[in-house]
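Colleague: To be precise about what I am sending: the file is called start-v9.cif and holds mmCIF, C-alpha atoms.
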data_run
loop_
_atom_site.label_atom_id
_atom_site.label_comp_id
_atom_site.auth_asym_id
_atom_site.auth_seq_id
_atom_site.Cartn_x
_atom_site.Cartn_y
_atom_site.Cartn_z
CA MET L 18 155.13 204.52 172.87
CA ALA L 19 157.91 204.62 175.36
CA ILE L 20 159.24 201.19 174.51
CA ALA L 21 159.18 200.32 170.82
CA GLN L 22 160.48 197.09 169.29
CA ALA L 23 163.47 197.84 167.08
CA MET L 24 166.88 196.84 165.94
CA CYS L 25 168.82 199.90 167.08
CA THR L 26 170.05 202.16 164.29
CA SER L 27 173.42 202.63 165.98
CA PHE L 28 173.79 198.84 166.04
CA LYS L 29 173.36 198.70 162.26
CA THR L 30 176.15 201.24 161.84
CA GLU L 31 178.32 199.39 164.34
CA LEU L 32 177.89 196.15 162.41
CA LEU L 33 179.63 197.87 159.52
CA THR L 34 182.49 198.93 161.76
CA GLY L 35 182.98 195.49 163.33
CA THR L 36 181.93 196.57 166.83
CA HIS L 37 179.83 193.52 167.63
CA ASN L 38 180.97 189.90 167.56
CA PHE L 39 178.24 187.32 168.15
CA ALA L 40 180.52 184.28 167.78
CA THR L 41 180.39 181.99 170.80
CA ASN L 42 183.89 183.16 171.78
CA GLY L 43 183.08 186.76 170.83
CA ASN L 44 181.63 189.64 172.88
CA ALA L 45 179.46 189.29 175.98
CA PHE L 46 175.85 190.40 175.59
CA LYS L 47 173.31 191.12 178.27
CA LEU L 48 169.58 191.66 178.51
CA ALA L 49 168.16 194.32 180.84
CA LEU L 50 164.47 194.65 181.71
CA TYR L 51 162.55 197.93 181.66
CA ALA L 52 159.30 199.24 183.02
CA GLU L 53 156.97 201.71 181.46
CA GLY L 54 155.46 204.03 184.06
CA GLY L 55 155.34 202.44 187.53
CA GLY L 56 157.52 199.44 188.24
CA GLY L 57 160.87 200.95 187.40
CA LYS L 58 163.49 202.23 189.80
CA SER L 59 162.65 205.63 191.24
CA SER L 60 159.38 205.67 189.27
CA THR L 61 161.33 206.47 186.13
CA THR L 62 159.96 205.58 182.72
CA ALA L 63 162.01 203.88 180.08
CA THR L 64 162.14 205.36 176.60
CA LEU L 65 163.65 202.80 174.29
CA GLY L 66 163.51 202.35 170.53
CA ALA L 67 165.48 202.57 167.32
CA THR L 68 167.36 205.65 168.55
CA THR L 69 168.64 203.95 171.71
CA THR L 70 172.42 203.74 171.51
CA ALA L 71 173.48 202.18 174.82
CA TYR L 72 172.34 200.55 178.03
CA THR L 73 170.71 202.95 180.45
CA THR L 74 169.54 202.58 184.03
CA THR L 75 166.61 204.94 183.39
CA GLY L 76 163.46 202.93 183.78
CA GLU L 77 165.29 199.68 184.45
CA VAL L 78 163.44 197.40 186.85
CA ALA L 79 164.67 197.23 190.43
CA ASN L 80 166.92 194.48 191.75
CA SER L 81 164.88 191.48 192.82
CA GLY L 82 165.73 187.80 193.22
CA SER L 83 168.38 186.89 190.68
CA TYR L 84 167.82 190.14 188.74
CA THR L 85 170.48 192.78 189.37
CA ALA L 86 171.15 196.12 187.67
CA GLY L 87 172.38 195.54 184.14
CA GLY L 88 170.28 192.43 183.72
CA GLY L 89 171.35 188.92 182.88
CA ALA L 90 174.14 187.55 180.70
CA LEU L 91 172.98 186.03 177.44
CA THR L 92 174.31 182.72 176.19
CA LYS L 93 175.06 183.12 172.51
CA VAL L 94 174.29 180.68 169.72
CA ALA L 95 176.76 180.99 166.84
CA PRO L 96 175.45 183.04 163.90
CA THR L 97 174.39 181.08 160.84
CA SER L 98 172.37 181.55 157.68
CA SER L 99 169.47 180.09 155.75
CA GLY L 100 168.91 181.06 152.16
CA THR L 101 169.93 184.70 151.94
CA THR L 102 169.20 185.52 155.60
CA ALA L 103 171.84 185.52 158.32
CA PHE L 104 170.70 185.27 161.91
CA THR L 105 171.81 184.68 165.45
CA ASP L 106 170.11 183.46 168.59
CA PHE L 107 170.44 183.39 172.38
CA ALA L 108 169.46 180.80 174.97
CA ASP L 109 166.33 181.64 176.95
CA LEU L 110 167.00 183.75 180.04
CA SER L 111 165.30 183.36 183.42
CA PHE L 112 165.34 185.46 186.58
CA THR L 113 164.22 183.45 189.59
CA THR L 114 162.55 184.29 192.93
CA ALA L 115 162.01 187.74 191.48
CA THR L 116 159.25 190.30 191.76
CA ILE L 117 159.40 192.12 188.43
CA THR L 118 157.04 194.09 186.24
CA ALA L 119 158.55 194.78 182.85
CA MET L 120 157.23 196.11 179.57
CA GLY L 121 160.34 195.54 177.50
CA ALA L 122 164.02 194.77 177.35
CA LEU L 123 167.27 195.93 175.84
CA ILE L 124 169.95 193.63 174.46
CA TYR L 125 173.34 195.27 174.64
CA ASN L 126 177.03 194.56 174.21
CA ASP L 127 178.56 194.26 177.65
CA THR L 128 182.07 194.00 176.19
CA ASN L 129 182.00 197.11 174.03
CA GLY L 130 180.73 200.10 175.95
CA ASP L 131 177.26 198.70 176.64
CA LYS L 132 176.30 199.56 173.07
CA ALA L 133 172.66 198.82 172.23
CA VAL L 134 171.69 195.97 169.92
CA ALA L 135 167.91 195.66 169.98
CA VAL L 136 164.89 196.83 171.92
CA LEU L 137 162.25 194.22 172.73
CA ASP L 138 158.66 195.30 173.33
CA PHE L 139 156.61 192.82 175.38
CA SER L 140 153.40 194.59 174.22
CA SER L 141 152.02 194.58 177.76
CA ASN L 142 153.33 194.52 181.30
CA LYS L 143 154.64 191.12 182.31
CA THR L 144 154.79 190.45 186.04
CA SER L 145 156.37 187.83 188.24
CA THR L 146 155.75 187.88 191.99
CA SER L 147 158.37 186.01 194.02
CA GLY L 148 158.57 183.80 190.97
CA THR L 149 160.30 183.20 187.67
CA PHE L 150 160.52 185.74 184.86
CA THR L 151 161.54 183.94 181.66
CA VAL L 152 162.36 185.56 178.33
CA GLN L 153 162.10 183.00 175.55
CA PHE L 154 163.80 183.83 172.29
CA PRO L 155 162.04 182.96 169.04
CA THR L 156 162.86 179.97 166.89
CA ALA L 157 166.28 180.44 165.33
CA ASP L 158 165.38 180.52 161.67
CA ALA L 159 165.36 182.98 158.80
CA SER L 160 161.78 184.11 159.55
CA ASN L 161 161.76 184.36 163.33
CA ALA L 162 165.25 184.60 164.86
CA ILE L 163 165.92 187.39 167.31
CA ILE L 164 168.46 189.14 165.05
CA ARG L 165 168.12 188.70 161.31
CA ILE L 166 169.85 190.33 158.38
CA ALA L 167 168.54 189.58 154.92
CA MET M 6 175.85 198.50 145.73
CA PHE M 7 174.77 196.09 148.46
CA ASN M 8 171.23 196.29 149.74
CA VAL M 9 170.27 194.92 153.12
CA GLY M 10 166.60 194.15 152.59
CA ILE M 11 165.55 193.39 156.13
CA SER M 12 167.27 193.78 159.45
CA GLN M 13 164.88 192.85 162.20
CA ALA M 14 164.62 191.99 165.85
CA GLY M 15 162.37 188.97 166.46
CA LYS M 16 159.53 188.83 168.98
CA VAL M 17 160.29 187.22 172.30
CA ASN M 18 157.85 185.32 174.46
CA VAL M 19 157.71 186.11 178.19
CA MET M 20 156.52 183.58 180.75
CA THR M 21 156.16 184.50 184.42
CA SER M 22 155.08 182.84 187.65
CA ASP M 23 153.96 183.84 191.13
CA LYS M 24 155.26 182.44 194.41
CA GLY M 25 157.41 179.73 192.88
CA GLY M 26 158.82 178.56 189.60
CA LEU M 27 157.13 177.94 186.27
CA THR M 28 154.55 175.16 186.15
CA ASN M 29 154.97 171.99 184.10
CA GLU M 30 152.40 173.32 181.66
CA GLN M 31 154.27 176.60 181.20
CA ILE M 32 157.55 174.77 180.61
CA ALA M 33 155.84 172.45 178.13
CA ASP M 34 154.51 175.53 176.32
CA LEU M 35 158.00 177.06 176.19
CA ALA M 36 159.48 173.85 174.82
CA VAL M 37 156.80 173.36 172.19
CA ASP M 38 157.02 176.99 171.08
CA LYS M 39 160.71 176.40 170.46
CA ILE M 40 160.18 173.15 168.57
CA VAL M 41 157.11 173.92 166.46
CA SER M 42 156.79 177.07 164.43
CA ILE M 43 153.72 177.47 162.25
CA SER M 44 153.68 180.06 159.52
CA ASP M 45 150.58 182.24 159.26
CA GLU M 46 150.92 181.93 155.52
CA ALA M 47 150.80 178.11 155.47
CA PRO M 48 147.69 176.51 153.90
CA ALA M 49 144.84 175.94 156.36
CA HIS M 50 145.07 172.11 156.31
CA ILE M 51 148.81 172.25 156.99
CA ARG M 52 148.25 174.65 159.88
CA GLN M 53 145.55 172.35 161.26
CA GLN M 54 147.85 169.32 161.14
CA ALA M 55 150.71 171.30 162.65
CA ASN M 56 148.46 172.52 165.48
CA GLN M 57 147.34 168.94 166.21
CA PHE M 58 150.96 167.81 166.29
CA ARG M 59 151.76 170.75 168.56
CA GLU M 60 149.04 169.75 171.04
CA HIS M 61 150.18 166.13 171.01
CA LEU M 62 153.79 167.16 171.57
CA LYS M 63 152.75 169.44 174.42
CA ASN M 64 150.90 166.60 176.15
CA VAL M 65 153.92 164.30 175.83
CA MET M 66 156.26 167.03 177.11
CA TYR M 67 153.92 167.75 180.03
CA HIS M 68 153.79 164.08 181.06
CA TYR M 69 157.57 163.66 181.03
CA LEU M 70 158.18 166.99 182.77
CA LEU M 71 155.84 165.83 185.52
CA LEU M 72 157.75 162.57 185.74
CA ALA M 73 161.17 164.32 185.71
CA ARG M 74 160.20 166.64 188.55
CA SER M 75 158.67 163.83 190.56
CA GLU M 76 161.73 161.61 190.09
CA GLU M 77 164.10 164.44 191.02
CA ARG M 78 162.12 165.11 194.18
CA GLY M 79 162.37 161.39 194.96
CA THR M 80 166.15 161.54 194.66
CA ILE M 81 166.32 164.67 196.85
CA ILE M 82 164.02 163.12 199.48
CA GLN M 83 166.20 160.03 199.61
CA ALA M 84 169.35 162.14 200.02
CA LEU M 85 167.72 164.12 202.84
CA LEU M 86 166.51 160.98 204.60
CA SER M 87 170.01 159.52 204.34
CA GLY M 88 171.31 162.71 205.95
CA GLY M 89 168.81 162.50 208.81
CA GLN M 90 166.69 165.43 207.55
CA LYS M 91 163.34 163.68 207.94
CA GLU M 92 161.22 166.85 208.38
CA THR M 93 162.70 168.61 205.34
CA ALA M 94 162.23 165.44 203.32
CA GLU M 95 158.57 165.39 204.33
CA LEU M 96 158.15 169.03 203.27
CA ILE M 97 159.52 168.23 199.84
CA ARG M 98 157.43 165.08 199.55
CA ARG M 99 154.30 167.23 199.99
CA LEU M 100 155.18 169.55 197.07
#
Give the structure from the file, written as structure tokens.
Modeller:
Amino acid sequence: MAIAQAMCTSFKTELLTGTHNFATNGNAFKLALYAEGGGGKSSTTATLGATTTAYTTTGEVANSGSYTAGGGALTKVAPTSSGTTAFTDFADLSFTTATITAMGALIYNDTNGDKAVAVLDFSSNKTSTSGTFTVQFPTADASNAIIRIA
Amino acid sequence: MFNVGISQAGKVNVMTSDKGGLTNEQIADLAVDKIVSISDEAPAHIRQQANQFREHLKNVMYHYLLLARSEERGTIIQALLSGGQKETAELIRRL
């Protein structure tokens, strides 16, 4: 599969070297959308997964509506914990008046060299036509949160 | 030695629309998904109750979203009429 859900391996290493700061006054994170096969810029196909180390324009969806190259800025929710699991969350992100077909997304650190955090696989193509494309993050708890470390 | 048992990326939900923004029903779904989370491992009767609560909550959300949008349009229409934009106000009233 060209886009596979994963917490990027490089991100795990970078956590141990203090590269990423998810505090509300910490680093800036962004979410970029990717197409698999047709739908991407220049008919390129995204290949994203655990081995992805940084944001790439290959396979990124074309600019449309409020979506521009690099994707949208994520609003962070301060990391917390429940039981033995630590987790963090982001506010939902919407691109409006946009014509987009995307199969997945990449969360990356816009402050520190566009380093990859996680690859999100939408399982199937999601399409908006002159409409809204909303990415809703899961419930922020120890079982579902977008980024969890147990 | 420290062991990190699980480090995972959660599953996101994607909602899209054509020729306009999300519908009231879609927004109600997004809101309820955020509020109510039902574990697959919960006992059947708990899941059933949670699902009923979820449906009830969705209906309430839907009603008030409808009302919020309608009331906002009313405010916009009034502002346009006050500014002499009668035709634009009429367009919005028909939404």
Colleague: Tell me, counting all atoms listed in the file, for each residue of chain M within 12 Å of chain L, which pair of atoms is nearest and how far apart they are in Å to one decimal, in rows ordered by chain and increasing number, as a tab-separated table.
Modeller:
residue	atom	partner	partner_atom	distance
M:Phe7	CA	L:Ala167	CA	11.1
M:Asn8	CA	L:Ala167	CA	8.9
M:Val9	CA	L:Ala167	CA	5.9
M:Gly10	CA	L:Ala167	CA	5.5
M:Ile11	CA	L:Ala167	CA	5.0
M:Ser12	CA	L:Ile166	CA	4.4
M:Gln13	CA	L:Arg165	CA	5.3
M:Ala14	CA	L:Ile164	CA	4.8
M:Gly15	CA	L:Ile163	CA	4.0
M:Lys16	CA	L:Pro155	CA	6.4
M:Val17	CA	L:Phe154	CA	4.9
M:Asn18	CA	L:Gln153	CA	5.0
M:Val19	CA	L:Val152	CA	4.7
M:Met20	CA	L:Thr151	CA	5.1
M:Thr21	CA	L:Phe150	CA	4.6
M:Ser22	CA	L:Gly148	CA	4.9
M:Asp23	CA	L:Thr146	CA	4.5
M:Lys24	CA	L:Ser147	CA	4.8
M:Gly25	CA	L:Gly148	CA	4.6
M:Gly26	CA	L:Thr149	CA	5.2
M:Leu27	CA	L:Thr149	CA	6.3
M:Thr28	CA	L:Thr149	CA	10.0
M:Gln31	CA	L:Thr151	CA	10.3
M:Ile32	CA	L:Thr151	CA	10.1
M:Asp34	CA	L:Gln153	CA	10.7
M:Leu35	CA	L:Gln153	CA	7.2
M:Ala36	CA	L:Gln153	CA	9.5
M:Val37	CA	L:Thr156	CA	10.4
M:Asp38	CA	L:Thr156	CA	7.8
M:Lys39	CA	L:Thr156	CA	5.5
M:Ile40	CA	L:Thr156	CA	7.5
M:Val41	CA	L:Thr156	CA	8.4
M:Ser42	CA	L:Thr156	CA	7.2
M:Ile43	CA	L:Thr156	CA	10.6
M:Ser44	CA	L:Ser160	CA	9.1
M:Asp45	CA	L:Ser160	CA	11.4
M:Glu46	CA	L:Ser160	CA	11.8
Colleague: Once the PyMOL selection byres ((chain L and resi 133) around 7) is applied to the coordinates I shared, what remains selected? I want it as a ChimeraX atom specification.
Modeller: /L:25,28,69-72,124-126,131-132,134-135
Colleague: Record the distance separating atom CA of L:Thr85 and atom CA of L:Thr64, expressed in Å with one decimal.
Modeller: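 Computed distance, atom CA of L:Thr85 to atom CA of L:Thr64, equals 19.8 Å.
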Colleague: Mind giving me the straight-line distance from atom CA of M:Tyr67 to atom CA of M:Ala94 in Å, one decimal?
Modeller: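 A separation of 24.8 Å between them.
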Colleague: Identify the residues within 6 Å of coordinate (173.4, 181.0, 162.9) (same frame as the file), considering only C-alpha atoms, and give the answer as a list in words.
Modeller: Ala95, Pro96, Thr97, Ser98, Phe104 and Thr105 of chain L
Colleague: Would you mind reading off the distance between atom CA of L:Gly130 and atom CA of L:Thr36, one decimal, in Å?
Modeller: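 Result for atom CA of L:Gly130 versus atom CA of L:Thr36: 9.9 Å, one decimal.
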Colleague: Please evaluate the PyMOL selection byres ((chain M and resi 63) around 9) against the structure above and give the resulting residues as a PyMOL selection string.
Modeller: chain M and resi 30+33-34+36-37+58-62+64-68
Colleague: Identify which of the residues L:Thr30, L:Tyr84, L:Leu123, L:Ser99 lies closest to L:Ala49, counting only C-alpha atoms when measuring atom-to-atom distances.
Modeller: L:Leu123
Colleague: Within 12 Å of M:Leu96, counting all atoms listed in the file, which residues qualify if same-chain residues fewer than 6 places away don't, as a PyMOL selection string?
Modeller: chain M and resi 78+81-82+85-86+90
